[in-house]
$ cat protein37.tsv   # TSV, C-alpha atoms
chain	number	residue	atom	x	y	z
A	297	MET	CA	0.00	0.00	0.00
A	298	CYS	CA	2.82	2.39	0.88
A	299	CYS	CA	4.68	1.64	-2.38
A	300	SER	CA	1.50	2.00	-4.43
A	301	LEU	CA	0.56	5.27	-2.75
A	302	ALA	CA	4.07	6.68	-3.24
A	303	ALA	CA	4.06	5.64	-6.91
A	304	VAL	CA	0.64	7.20	-7.57
A	305	LEU	CA	1.53	10.45	-5.80
A	306	GLY	CA	4.88	10.60	-7.60
A	307	VAL	CA	3.25	10.12	-11.00
A	308	LEU	CA	0.60	12.74	-10.26
A	309	VAL	CA	3.17	15.32	-9.14
A	310	HIS	CA	5.43	14.53	-12.11
A	311	VAL	CA	2.58	14.85	-14.62
A	312	GLY	CA	1.26	18.05	-13.07
A	313	VAL	CA	4.63	19.84	-12.85
A	314	THR	CA	5.75	18.61	-16.28
A	315	ARG	CA	2.52	19.78	-17.83
A	316	GLN	CA	2.88	23.19	-16.16
A	317	THR	CA	6.54	23.54	-17.18
A	318	VAL	CA	5.92	22.47	-20.78
A	319	SER	CA	2.90	24.79	-20.99
A	320	ALA	CA	4.98	27.76	-19.77
A	321	ALA	CA	7.75	26.99	-22.28
A	322	ARG	CA	5.21	26.55	-25.08
A	323	ASP	CA	3.54	29.89	-24.27
A	324	LYS	CA	6.91	31.58	-24.33
A	325	ALA	CA	7.80	29.97	-27.69
A	326	LEU	CA	4.44	30.91	-29.22
A	327	GLU	CA	4.77	34.48	-27.96
A	328	GLN	CA	8.21	34.71	-29.52
A	329	LEU	CA	6.81	33.18	-32.75
A	330	HIS	CA	4.06	35.82	-32.77
A	331	ASP	CA	6.71	38.59	-32.56
A	332	ALA	CA	8.68	36.95	-35.37
A	333	THR	CA	5.55	36.66	-37.54
A	334	ARG	CA	4.71	40.34	-37.02
A	335	ALA	CA	8.29	41.35	-37.86
A	336	TYR	CA	8.24	39.15	-41.00
A	337	GLU	CA	4.97	40.68	-42.18
A	338	ALA	CA	6.30	44.22	-41.53
A	339	GLY	CA	9.49	43.43	-43.42
A	340	GLU	CA	11.59	44.02	-40.34
A	341	ALA	CA	14.53	41.98	-39.08
A	342	LEU	CA	13.51	38.78	-37.34
A	343	PRO	CA	14.12	38.44	-33.56
A	344	PRO	CA	17.06	36.37	-32.30
A	345	GLU	CA	16.60	32.57	-32.44
A	346	SER	CA	14.05	33.01	-35.26
A	347	GLY	CA	14.31	32.37	-38.99
A	348	LEU	CA	12.85	30.90	-42.15
A	349	ASP	CA	13.39	27.18	-42.69
A	350	PRO	CA	16.21	26.84	-40.11
A	351	ALA	CA	18.27	23.68	-40.66
A	352	ALA	CA	17.80	22.41	-37.10
A	353	LEU	CA	13.99	22.61	-37.28
A	354	PRO	CA	12.49	19.12	-36.58
A	355	GLN	CA	11.04	17.60	-39.75
A	356	SER	CA	7.65	16.88	-38.19
A	357	LEU	CA	7.20	20.49	-37.16
A	358	ARG	CA	8.41	21.67	-40.61
A	359	GLN	CA	5.77	19.53	-42.33
A	360	LEU	CA	3.12	20.88	-39.97
A	361	ALA	CA	4.05	24.49	-40.82
A	362	LEU	CA	4.15	23.79	-44.59
A	363	SER	CA	0.65	22.34	-44.33
A	364	GLY	CA	-0.60	25.70	-43.09
A	365	ARG	CA	-0.74	25.09	-39.36
A	366	ARG	CA	1.42	26.16	-36.48
A	367	GLY	CA	2.64	24.10	-33.55
A	368	THR	CA	5.38	23.43	-31.02
A	369	VAL	CA	7.69	20.54	-30.21
A	370	VAL	CA	10.60	19.81	-27.85
A	371	ALA	CA	13.71	18.52	-29.60
A	372	GLU	CA	17.49	18.47	-29.27
A	373	ARG	CA	19.55	21.27	-30.87
A	374	ASP	CA	23.30	21.06	-30.53
A	375	GLY	CA	22.85	18.63	-27.66
A	376	ARG	CA	20.56	20.96	-25.71
A	377	PRO	CA	16.80	20.54	-25.23
A	378	THR	CA	14.91	23.23	-27.17
A	379	MET	CA	11.26	24.22	-27.47
A	380	TRP	CA	10.53	24.87	-31.16
A	381	ALA	CA	7.54	26.84	-32.49
A	382	ALA	CA	6.74	27.15	-36.22
A	383	ALA	CA	4.08	28.73	-38.45
A	384	PRO	CA	3.50	29.01	-42.23
A	385	ALA	CA	4.99	32.03	-44.05
A	386	ASP	CA	4.55	32.27	-47.84
A	387	GLY	CA	5.00	28.56	-48.39
A	388	ARG	CA	7.89	28.37	-46.04
A	389	ALA	CA	8.26	27.58	-42.32
A	390	LEU	CA	8.87	30.49	-40.00
A	391	ALA	CA	10.35	29.06	-36.79
A	392	THR	CA	11.70	30.24	-33.48
A	393	ALA	CA	13.58	28.38	-30.71
A	394	VAL	CA	13.45	28.81	-26.93
A	395	ASP	CA	16.04	27.23	-24.62
A	396	TYR	CA	14.35	24.40	-22.74
A	397	GLU	CA	17.36	23.19	-20.75
A	398	GLN	CA	16.42	24.90	-17.48
A	399	SER	CA	12.89	23.54	-17.66
A	400	ALA	CA	14.24	20.05	-18.36
A	401	ARG	CA	16.57	20.38	-15.36
A	402	THR	CA	13.64	21.43	-13.21
A	403	ILE	CA	11.63	18.35	-14.23
A	404	THR	CA	14.65	16.05	-13.74
A	405	GLY	CA	15.36	17.53	-10.31
A	406	LEU	CA	11.73	17.13	-9.35
A	407	ASP	CA	11.75	13.50	-10.48
A	408	ASN	CA	14.88	12.82	-8.45
A	409	ALA	CA	13.34	14.48	-5.42
A	410	ILE	CA	10.15	12.42	-5.82
A	411	ILE	CA	12.13	9.19	-6.16
A	412	GLY	CA	14.38	10.02	-3.20
A	413	SER	CA	11.55	11.02	-0.90
A	414	SER	CA	9.50	7.99	-1.97
A	415	VAL	CA	12.42	5.65	-1.22
A	416	LEU	CA	12.92	7.25	2.18
A	417	ALA	CA	9.20	7.15	2.97
A	418	ILE	CA	8.86	3.54	1.82
A	419	GLY	CA	12.00	2.50	3.69
A	420	GLY	CA	10.85	4.18	6.88
A	421	THR	CA	7.37	2.73	6.56
A	422	LEU	CA	8.71	-0.76	5.90
A	423	LEU	CA	11.01	-0.55	8.92
A	424	VAL	CA	8.23	0.59	11.22
A	425	GLY	CA	5.72	-1.80	9.68
A	426	GLY	CA	8.19	-4.68	9.75
A	427	PHE	CA	8.90	-4.08	13.43
A	428	ALA	CA	5.18	-3.95	14.22
A	429	VAL	CA	4.38	-7.00	12.11
A	430	ARG	CA	7.26	-9.00	13.62
A	431	ARG	CA	5.90	-8.31	17.08
A	432	VAL	CA	2.47	-9.54	16.03
A	433	THR	CA	3.74	-12.57	14.09
A	434	ARG	CA	6.12	-13.49	16.91
A	435	ARG	CA	3.23	-13.57	19.36
A	436	LEU	CA	1.06	-15.49	16.88
A	437	HIS	CA	3.90	-17.98	16.33
A	438	GLN	CA	4.24	-18.41	20.09
A	439	THR	CA	0.48	-19.00	20.38
A	440	ALA	CA	0.59	-21.57	17.56
A	441	THR	CA	3.56	-23.32	19.20
A	442	VAL	CA	1.69	-23.58	22.49
A	443	ALA	CA	-1.39	-24.91	20.66
A	444	ARG	CA	0.74	-27.62	19.04
A	445	ARG	CA	2.24	-28.53	22.43
A	446	ILE	CA	-1.25	-28.86	23.88
A	447	SER	CA	-2.29	-31.10	20.98
A	448	ARG	CA	0.73	-33.32	21.78
A	449	GLY	CA	-0.54	-33.75	25.32
A	450	GLU	CA	1.36	-31.00	27.19
A	451	LEU	CA	-1.75	-29.68	28.86
A	452	ASP	CA	0.19	-27.40	31.21
A	453	ALA	CA	1.59	-25.31	28.32
A	454	ARG	CA	0.43	-21.67	28.43
A	455	VAL	CA	1.06	-18.67	26.18
A	456	GLY	CA	1.23	-16.29	29.12
A	457	ASP	CA	4.05	-18.06	30.93
A	458	ALA	CA	7.57	-16.62	30.76
A	459	GLY	CA	8.96	-20.06	30.04
A	460	GLY	CA	6.09	-21.13	27.82
A	461	ALA	CA	4.70	-23.66	30.28
A	462	GLY	CA	3.11	-23.58	33.68
A	463	ARG	CA	-0.18	-23.86	35.40
A	464	GLY	CA	-2.58	-20.99	35.29
A	465	ALA	CA	0.02	-18.23	35.06
A	466	PRO	CA	-1.32	-14.78	34.24
A	467	ALA	CA	-1.06	-13.52	30.69
A	468	ARG	CA	2.29	-12.00	29.90
A	469	SER	CA	0.83	-9.13	27.94
A	470	ALA	CA	-1.84	-6.84	29.26
A	471	ARG	CA	-2.43	-5.34	25.80
A	472	LEU	CA	-6.06	-5.53	24.80
A	473	ASP	CA	-5.51	-6.44	21.15
A	474	GLU	CA	-6.71	-9.35	19.05
A	475	VAL	CA	-3.54	-11.46	19.53
A	476	ALA	CA	-3.68	-11.09	23.31
A	477	THR	CA	-7.37	-12.03	23.23
A	478	VAL	CA	-6.60	-15.18	21.25
A	479	ALA	CA	-3.73	-16.05	23.61
A	480	ARG	CA	-5.89	-15.60	26.70
A	481	ALA	CA	-8.68	-17.66	25.08
A	482	LEU	CA	-6.18	-20.45	24.32
A	483	ASP	CA	-4.85	-20.38	27.89
A	484	THR	CA	-8.39	-20.49	29.27
A	485	MET	CA	-9.32	-23.37	26.97
A	486	ALA	CA	-6.16	-25.29	27.93
A	487	GLY	CA	-6.81	-24.74	31.63
A	488	THR	CA	-10.42	-25.91	31.33
A	489	LEU	CA	-9.41	-28.93	29.26
A	490	GLN	CA	-6.66	-29.83	31.69
A	491	ALA	CA	-9.00	-29.57	34.67
A	492	LYS	CA	-11.58	-31.81	32.99
A	493	LEU	CA	-9.02	-34.42	31.98
A	494	VAL	CA	-7.42	-34.46	35.41
A	495	SER	CA	-10.87	-34.86	36.94
A	496	GLU	CA	-11.67	-37.74	34.60
A	497	GLN	CA	-8.33	-39.42	35.30
A	498	ARG	CA	-8.86	-39.08	39.04
A	499	PHE	CA	-12.38	-40.46	38.71
A	500	THR	CA	-11.15	-43.47	36.70
A	501	ALA	CA	-8.39	-44.20	39.22
A	502	ASP	CA	-10.75	-43.81	42.20
A	503	VAL	CA	-13.38	-46.10	40.66
A	504	ALA	CA	-10.77	-48.75	39.86
A	505	HIS	CA	-9.31	-48.58	43.37
A	506	GLU	CA	-12.76	-48.79	44.95
A	507	LEU	CA	-13.64	-51.81	42.83
A	508	ARG	CA	-10.51	-53.79	43.66
A	509	THR	CA	-11.43	-54.53	47.27
A	510	PRO	CA	-14.96	-55.88	46.72
A	511	LEU	CA	-13.83	-57.78	43.63
A	512	THR	CA	-11.03	-59.43	45.62
A	513	GLY	CA	-13.55	-60.48	48.24
A	514	LEU	CA	-15.97	-61.62	45.56
A	515	GLN	CA	-13.31	-63.76	43.94
A	516	ALA	CA	-12.39	-65.32	47.25
A	517	ALA	CA	-16.07	-66.02	47.95
A	518	SER	CA	-16.54	-67.56	44.51
A	519	GLU	CA	-13.83	-70.10	45.29
A	520	LEU	CA	-15.94	-71.37	48.19
A	521	LEU	CA	-18.98	-72.05	46.03
A	522	PRO	CA	-19.78	-75.67	45.12
A	523	GLU	CA	-18.53	-76.78	41.75
A	524	GLY	CA	-21.00	-76.42	38.92
A	525	ARG	CA	-21.90	-74.55	35.77
A	526	ALA	CA	-23.27	-71.53	37.66
A	527	THR	CA	-20.12	-71.34	39.81
A	528	ASP	CA	-17.86	-71.45	36.73
A	529	LEU	CA	-19.91	-68.65	35.18
A	530	VAL	CA	-19.61	-66.50	38.31
A	531	ARG	CA	-15.86	-67.08	38.54
A	532	GLU	CA	-15.40	-66.17	34.87
A	533	ARG	CA	-17.35	-62.93	35.30
A	534	VAL	CA	-15.36	-62.04	38.40
A	535	ARG	CA	-12.07	-62.65	36.56
A	536	THR	CA	-13.31	-60.47	33.69
A	537	MET	CA	-14.22	-57.68	36.13
A	538	ARG	CA	-10.79	-57.92	37.77
A	539	ARG	CA	-9.02	-57.69	34.42
A	540	LEU	CA	-11.12	-54.68	33.50
A	541	THR	CA	-10.31	-53.03	36.84
A	542	GLU	CA	-6.58	-53.66	36.36
A	543	ASP	CA	-6.81	-52.22	32.85
A	544	LEU	CA	-8.51	-49.10	34.20
A	545	LEU	CA	-5.75	-48.65	36.78
A	546	GLU	CA	-3.09	-49.08	34.11
A	547	ILE	CA	-4.76	-46.51	31.89
A	548	SER	CA	-4.95	-44.03	34.76
A	549	ARG	CA	-1.24	-44.52	35.41
A	550	LEU	CA	-0.49	-43.98	31.71
A	551	ASP	CA	-2.59	-40.82	31.66
A	552	SER	CA	-0.87	-39.38	34.70
A	553	GLY	CA	2.59	-40.41	33.51
A	554	SER	CA	3.40	-41.69	36.98
A	555	GLY	CA	5.01	-44.93	35.81
A	556	VAL	CA	8.80	-45.28	35.61
A	557	VAL	CA	10.36	-46.63	32.42
A	558	GLU	CA	13.20	-49.02	33.27
A	559	THR	CA	15.22	-49.69	30.13
A	560	ASP	CA	17.74	-52.40	29.45
A	561	LEU	CA	19.13	-54.20	26.41
A	562	HIS	CA	16.91	-57.10	25.31
A	563	ARG	CA	16.84	-59.52	22.42
A	564	LEU	CA	13.60	-58.83	20.59
A	565	GLY	CA	13.05	-62.34	19.18
A	566	ARG	CA	13.37	-63.90	22.62
A	567	VAL	CA	10.92	-61.39	24.11
A	568	ALA	CA	8.41	-62.15	21.35
A	569	GLU	CA	8.62	-65.90	21.98
A	570	ARG	CA	8.15	-65.36	25.72
A	571	VAL	CA	5.04	-63.24	25.08
A	572	VAL	CA	3.46	-65.90	22.86
A	573	ARG	CA	4.13	-68.65	25.43
A	574	ALA	CA	2.65	-66.52	28.23
A	575	ALA	CA	-0.46	-65.74	26.14
A	576	GLY	CA	-1.13	-69.46	25.65
A	577	THR	CA	-2.35	-68.90	22.10
A	578	ASP	CA	-1.59	-70.64	18.83
A	579	THR	CA	0.57	-67.87	17.40
A	580	GLU	CA	3.35	-68.43	14.88
A	581	VAL	CA	6.57	-66.51	15.61
A	582	VAL	CA	8.71	-65.67	12.57
A	583	VAL	CA	12.12	-64.06	13.21
A	584	VAL	CA	13.30	-62.60	9.90
A	585	ARG	CA	16.13	-60.65	11.50
A	586	ASP	CA	16.64	-60.54	15.25
A	587	ALA	CA	17.76	-57.36	16.98
A	588	HIS	CA	18.81	-56.04	20.36
A	589	VAL	CA	16.72	-53.12	21.56
A	590	GLU	CA	17.02	-50.94	24.64
A	591	THR	CA	13.57	-50.77	26.17
A	592	ASP	CA	11.40	-51.57	29.19
A	593	ARG	CA	10.78	-55.31	28.86
A	594	ARG	CA	7.65	-55.33	31.03
A	595	ARG	CA	5.99	-52.61	28.98
A	596	LEU	CA	7.09	-54.17	25.68
A	597	GLU	CA	5.65	-57.53	26.72
A	598	ARG	CA	2.42	-55.79	27.69
A	599	VAL	CA	2.17	-54.19	24.22
A	600	LEU	CA	2.88	-57.41	22.32
A	601	GLY	CA	0.65	-59.48	24.61
A	602	ASN	CA	-2.31	-57.16	24.08
A	603	LEU	CA	-1.79	-57.18	20.31
A	604	VAL	CA	-1.64	-60.99	20.19
A	605	VAL	CA	-4.71	-61.43	22.42
A	606	ASN	CA	-6.65	-58.84	20.40
A	607	ALA	CA	-5.75	-60.60	17.13
A	608	HIS	CA	-7.04	-63.94	18.43
A	609	ARG	CA	-10.12	-62.46	20.08
A	610	HIS	CA	-11.33	-60.29	17.20
A	611	GLY	CA	-9.53	-61.70	14.19
A	612	ARG	CA	-9.16	-65.16	12.72
A	613	ALA	CA	-6.33	-67.66	12.61
A	614	PRO	CA	-3.62	-67.95	11.59
A	615	VAL	CA	-2.05	-65.21	13.72
A	616	VAL	CA	1.60	-64.48	12.88
A	617	LEU	CA	4.06	-62.41	14.93
A	618	THR	CA	7.01	-61.34	12.78
A	619	VAL	CA	10.28	-59.81	14.03
A	620	ALA	CA	12.29	-57.91	11.39
A	621	GLY	CA	14.99	-55.91	13.11
A	622	PRO	CA	13.40	-53.39	15.47
A	623	VAL	CA	9.98	-53.85	13.79
A	624	VAL	CA	7.43	-56.30	15.16
A	625	THR	CA	4.27	-57.07	13.15
A	626	VAL	CA	1.23	-58.90	14.53
A	627	ARG	CA	-1.14	-60.04	11.78
A	628	ASP	CA	-4.39	-61.94	11.82
A	629	HIS	CA	-6.57	-63.05	8.90
A	630	GLY	CA	-9.90	-61.63	9.97
A	631	GLU	CA	-11.95	-58.82	8.48
A	632	GLY	CA	-9.48	-56.08	9.32
A	633	TYR	CA	-9.65	-53.02	11.55
A	634	PRO	CA	-12.74	-50.79	11.40
A	635	GLU	CA	-12.48	-47.42	9.74
A	636	TYR	CA	-12.69	-45.39	12.96
A	637	LEU	CA	-9.64	-47.16	14.40
A	638	LEU	CA	-7.58	-46.65	11.26
A	639	ALA	CA	-8.53	-42.96	11.19
A	640	HIS	CA	-8.33	-42.04	14.89
A	641	GLY	CA	-6.54	-44.90	16.65
A	642	PRO	CA	-7.88	-47.02	19.54
A	643	GLN	CA	-10.69	-45.44	21.56
A	644	ARG	CA	-11.74	-46.47	25.03
A	645	PHE	CA	-14.94	-48.46	25.31
A	646	ARG	CA	-15.57	-48.06	21.57
A	647	SER	CA	-17.32	-51.07	20.07
A	648	GLY	CA	-16.34	-52.00	16.52
A	649	GLY	CA	-18.64	-53.53	13.98
A	650	GLY	CA	-17.68	-56.78	12.32
A	651	GLY	CA	-15.22	-59.37	13.37
A	652	GLY	CA	-12.02	-57.70	12.23
A	653	GLY	CA	-9.16	-57.05	14.57
A	654	GLY	CA	-10.74	-53.79	15.49
A	655	GLY	CA	-10.79	-54.18	19.24
A	656	LYS	CA	-14.49	-55.00	19.49
A	657	GLY	CA	-15.72	-54.95	23.09
A	658	HIS	CA	-14.54	-52.57	25.77
A	659	GLY	CA	-11.47	-51.73	23.66
A	660	LEU	CA	-9.00	-51.16	26.50
A	661	GLY	CA	-6.43	-53.68	25.22
A	662	LEU	CA	-5.39	-51.67	22.15
A	663	THR	CA	-5.64	-48.41	24.11
A	664	ILE	CA	-3.19	-49.76	26.69
A	665	ALA	CA	-0.91	-51.08	23.94
A	666	ALA	CA	-0.81	-47.64	22.29
A	667	GLY	CA	-0.14	-45.92	25.62
A	668	GLN	CA	2.67	-48.32	26.63
A	669	ALA	CA	4.23	-48.04	23.17
A	670	GLU	CA	4.31	-44.26	23.51
A	671	ALA	CA	5.83	-44.59	27.00
A	672	ILE	CA	8.81	-46.60	25.67
A	673	GLY	CA	9.27	-44.31	22.66
A	674	ALA	CA	7.98	-46.81	20.09
A	675	ARG	CA	5.59	-46.15	17.20
A	676	LEU	CA	2.49	-48.32	16.94
A	677	GLU	CA	0.58	-48.31	13.65
A	678	PHE	CA	-2.66	-50.05	12.74
A	679	ARG	CA	-3.49	-50.98	9.17
A	680	ASN	CA	-5.34	-53.54	7.10
A	681	ALA	CA	-3.31	-56.06	5.16
A	682	GLY	CA	-3.54	-55.89	1.40
A	683	SER	CA	-3.37	-59.39	-0.04
A	684	GLY	CA	-5.10	-62.14	1.91
A	685	GLY	CA	-7.01	-59.71	4.13
A	686	GLY	CA	-6.65	-59.33	7.86
A	687	ALA	CA	-5.36	-56.69	10.24
A	688	GLU	CA	-1.76	-55.69	10.96
A	689	ALA	CA	-0.37	-53.96	14.03
A	690	VAL	CA	3.18	-52.73	13.39
A	691	LEU	CA	5.37	-51.79	16.37
A	692	THR	CA	8.59	-49.94	15.53
A	693	LEU	CA	11.09	-49.76	18.39
A	694	PRO	CA	13.97	-47.28	18.61
A	695	TRP	CA	17.51	-48.60	18.15
A	696	PRO	CA	19.82	-48.43	21.15
A	697	PRO	CA	22.32	-45.49	21.12
A	698	ALA	CA	25.20	-47.77	20.17
A	699	ALA	CA	23.23	-49.45	17.40
A	700	GLY	CA	23.00	-53.04	16.90
A	701	GLY	CA	20.79	-55.41	15.08
A	702	ARG	CA	21.63	-58.86	14.00
$ encode --input "protein37.tsv" --output "C-alpha cells"
Amino acid sequence: MCCSLAAVLGVLVHVGVTRQTVSAARDKALEQLHDATRAYEAGEALPPESGLDPAALPQSLRQLALSGRRGTVVAERDGRPTMWAAAPADGRALATAVDYEQSARTITGLDNAIIGSSVLAIGGTLLVGGFAVRRVTRRLHQTATVARRISRGELDARVGDAGGAGRGAPARSARLDEVATVARALDTMAGTLQAKLVSEQRFTADVAHELRTPLTGLQAASELLPEGRATDLVRERVRTMRRLTEDLLEISRLDSGSGVVETDLHRLGRVAERVVRAAGTDTEVVVVRDAHVETDRRRLERVLGNLVVNAHRHGRAPVVLTVAGPVVTVRDHGEGYPEYLLAHGPQRFRSGGGGGGGGKGHGLGLTIAAGQAEAIGARLEFRNAGSGGGAEAVLTLPWPPAAGGR
C-alpha cells in the first residue's frame, strides 16, 4: 500500500509539474513566434533565435508548418533541449527556438526528489511496519507453538508463561488487542481442558481402586462355592471384572505419567517368543532378523501381549508375529480393523462392527498397547493387510544409542 501510494503520488506530481513547465515553455515559444511573424509581415529583421526554414527545425514540425498550421515541439539542438515553435509564411516555415534546458533540469530535479523522498518514505514505513508486524507474528507464532504442544498432550503449556509452560500463570501481555485475546482464550481453553481431563483421570483411578477390594472379596467367595456350571460362570465374570479393573488402573497410570520406564538391552526375538508362550495362544513366531533393543521389557511384553490377544479375540487364525529388526508385526486373517480405528486410533470403550481385529468390546487392550508403546518411545501403527485380508499392528522400536541389530 505504501509503495502503491508513493508511486501514484509521484506520478501525479510529475505529470502536473511537467505539464505546467511544458505549458509555460510553449507559451513563451508561441509568444516569440508571434513577434517573429509580425516582424516578418512588416518586413523588419527577425528576432534572435528566429528564422525561415532553419536547418535544425524538426522535420515533423516543418511539415506541420508547410501544411498551413502552427505548432510546437521539444527537440534536441546542438545537444541541448529546445522548445521549437513554427508557423506558415509564404509557403515556407517560420520558426523560433526557446532554450528548454532549465525547464528540463527542473523536471529532472523534481523526479529525483520524488524518487528520493519515496524511497525514504517507503524505507521508513517498511522498517516501522516490519517491526510492528514482527511483534504480532512473533506472538502469533508463540500461540501456535503452544497450541501444538497442547495437541501433543502437554496440557500445562500456556502462552502467558515466561517459560512457555506452567499452570494458570497470568497472561504475559496486558495489551487488549486481538492477539492477546486469542492467547488468553487459548490459555483459558487449555486450563479448562486440563481440569476436565485431570478430573476424569482421578475419577477413573478412584473407581478402579474402589472396585478392587470388593472384587477381591468376591473372587475369594466364589472359590468357596460348590462346583457347577453356575459357579464357573460367576468365577469367569469375576475374573473379567478384575481384568477390567486392572486395565482401568493401568490406563490411569499412563494418563498421569506416573510410571517409571526401566530400560535395558533385550533380544527382541526372545521377548516375542516369551510373550506368545505366556499368552497361551496358537501364534506363529517368525524371526526374519533378530535385533537387540534398549527398552522396558515389562511394557514391551504388555504391548505385544495385548496385540496378540486382540488378534485372536477379534480376528481369525492364523495369527503371525514377525520380528524384522526393530519392527514387530502382529497379523491376523480376519476382516481387518474398522475405519474409525484406522482414522483415529484405539478409543476407550468403543465397540467396533464386524469381526475384524478392530478391538471389538470394551477396547481397552489396544488403548493400553498404544499408551505403553508411547511410553517406551515406540511407534504403533494399525493398518489392514492388502493381499489375503486381515489386520496388521506394526510396532517400531527405537535402536539403542550404540546401534545393533543382528
$ atom_distance --input "protein37.tsv" --atom1 "CA of Ala440 in chain A" --atom2 "CA of Ser495 in chain A"
26.1 Å
$ residues_around --input "protein37.tsv" --residues "Ala674 in chain A" --least-positions-apart "2" --cutoff "7 Å" --atoms "all atoms listed in the file" --output "short mmCIF file (atom, residue, chain, number, x, y, z; two decimals) with C-alpha atoms, in the frame of the given file"
data_model
loop_
_atom_site.label_atom_id
_atom_site.label_comp_id
_atom_site.auth_asym_id
_atom_site.auth_seq_id
_atom_site.Cartn_x
_atom_site.Cartn_y
_atom_site.Cartn_z
CA ALA A 669 4.23 -48.04 23.17
CA GLU A 670 4.31 -44.26 23.51
CA ILE A 672 8.81 -46.60 25.67
CA LEU A 676 2.49 -48.32 16.94
CA LEU A 691 5.37 -51.79 16.37
CA THR A 692 8.59 -49.94 15.53
CA LEU A 693 11.09 -49.76 18.39
CA PRO A 694 13.97 -47.28 18.61
#
$ atom_distance --input "protein37.tsv" --atom1 "CA of Val394 in chain A" --atom2 "CA of His310 in chain A"
22.1 Å
$ atom_distance --input "protein37.tsv" --atom1 "CA of Leu561 in chain A" --atom2 "CA of Val589 in chain A"
5.5 Å
$ closest_residue --input "protein37.tsv" --among "A:Pro343, A:Gly375, A:Gly312, A:Pro642" --to "Ile664 in chain A" --atoms "only C-alpha atoms"
A:Pro642
$ residues_around --input "protein37.tsv" --residues "Ala382 in chain A" --least-positions-apart "6" --cutoff "6 Å" --atoms "only C-alpha atoms" --output "JSON, numbers by chain"
{"A": [361, 366, 367, 390, 391]}
$ closest_residue --input "protein37.tsv" --among "A:Trp695, A:Tyr336, A:Phe427, A:Trp380" --to "Arg563 in chain A" --atoms "all atoms listed in the file"
A:Trp695
$ closest_residue --input "protein37.tsv" --among "A:Leu451, A:Cys299, A:Thr500, A:Asp528" --to "Ile411 in chain A" --atoms "all atoms listed in the file"
A:Cys299
$ closest_residue --input "protein37.tsv" --among "A:Leu511, A:Val432, A:Ala517, A:Leu326" --to "Asp473 in chain A" --atoms "all atoms listed in the file"
A:Val432
$ residues_around --input "protein37.tsv" --residues "range 407-410 of chain A" --least-positions-apart "4" --cutoff "7 Å" --atoms "all atoms listed in the file" --output "ChimeraX atom specification"
/A:306,310,403,414
$ closest_residue --input "protein37.tsv" --among "A:Pro384, A:Gly684, A:Pro354, A:Gly364" --to "Thr333 in chain A" --atoms "all atoms listed in the file"
A:Pro384
$ residues_around --input "protein37.tsv" --residues "Ala479 in chain A" --least-positions-apart "6" --cutoff "9 Å" --atoms "only C-alpha atoms" --output "list in words"
Arg435, Leu436, Thr439, Arg454, Val455, Gly456 and Ala467 of chain A
$ closest_residue --input "protein37.tsv" --among "A:Leu482, A:Leu406, A:Leu529, A:Val369" --to "Arg444 in chain A" --atoms "all atoms listed in the file"
A:Leu482
$ residues_around --input "protein37.tsv" --residues "Gly667 in chain A" --least-positions-apart "5" --cutoff "9 Å" --atoms "all atoms listed in the file" --output "number ranges by chain"
A: 547, 550-551, 599, 662, 672
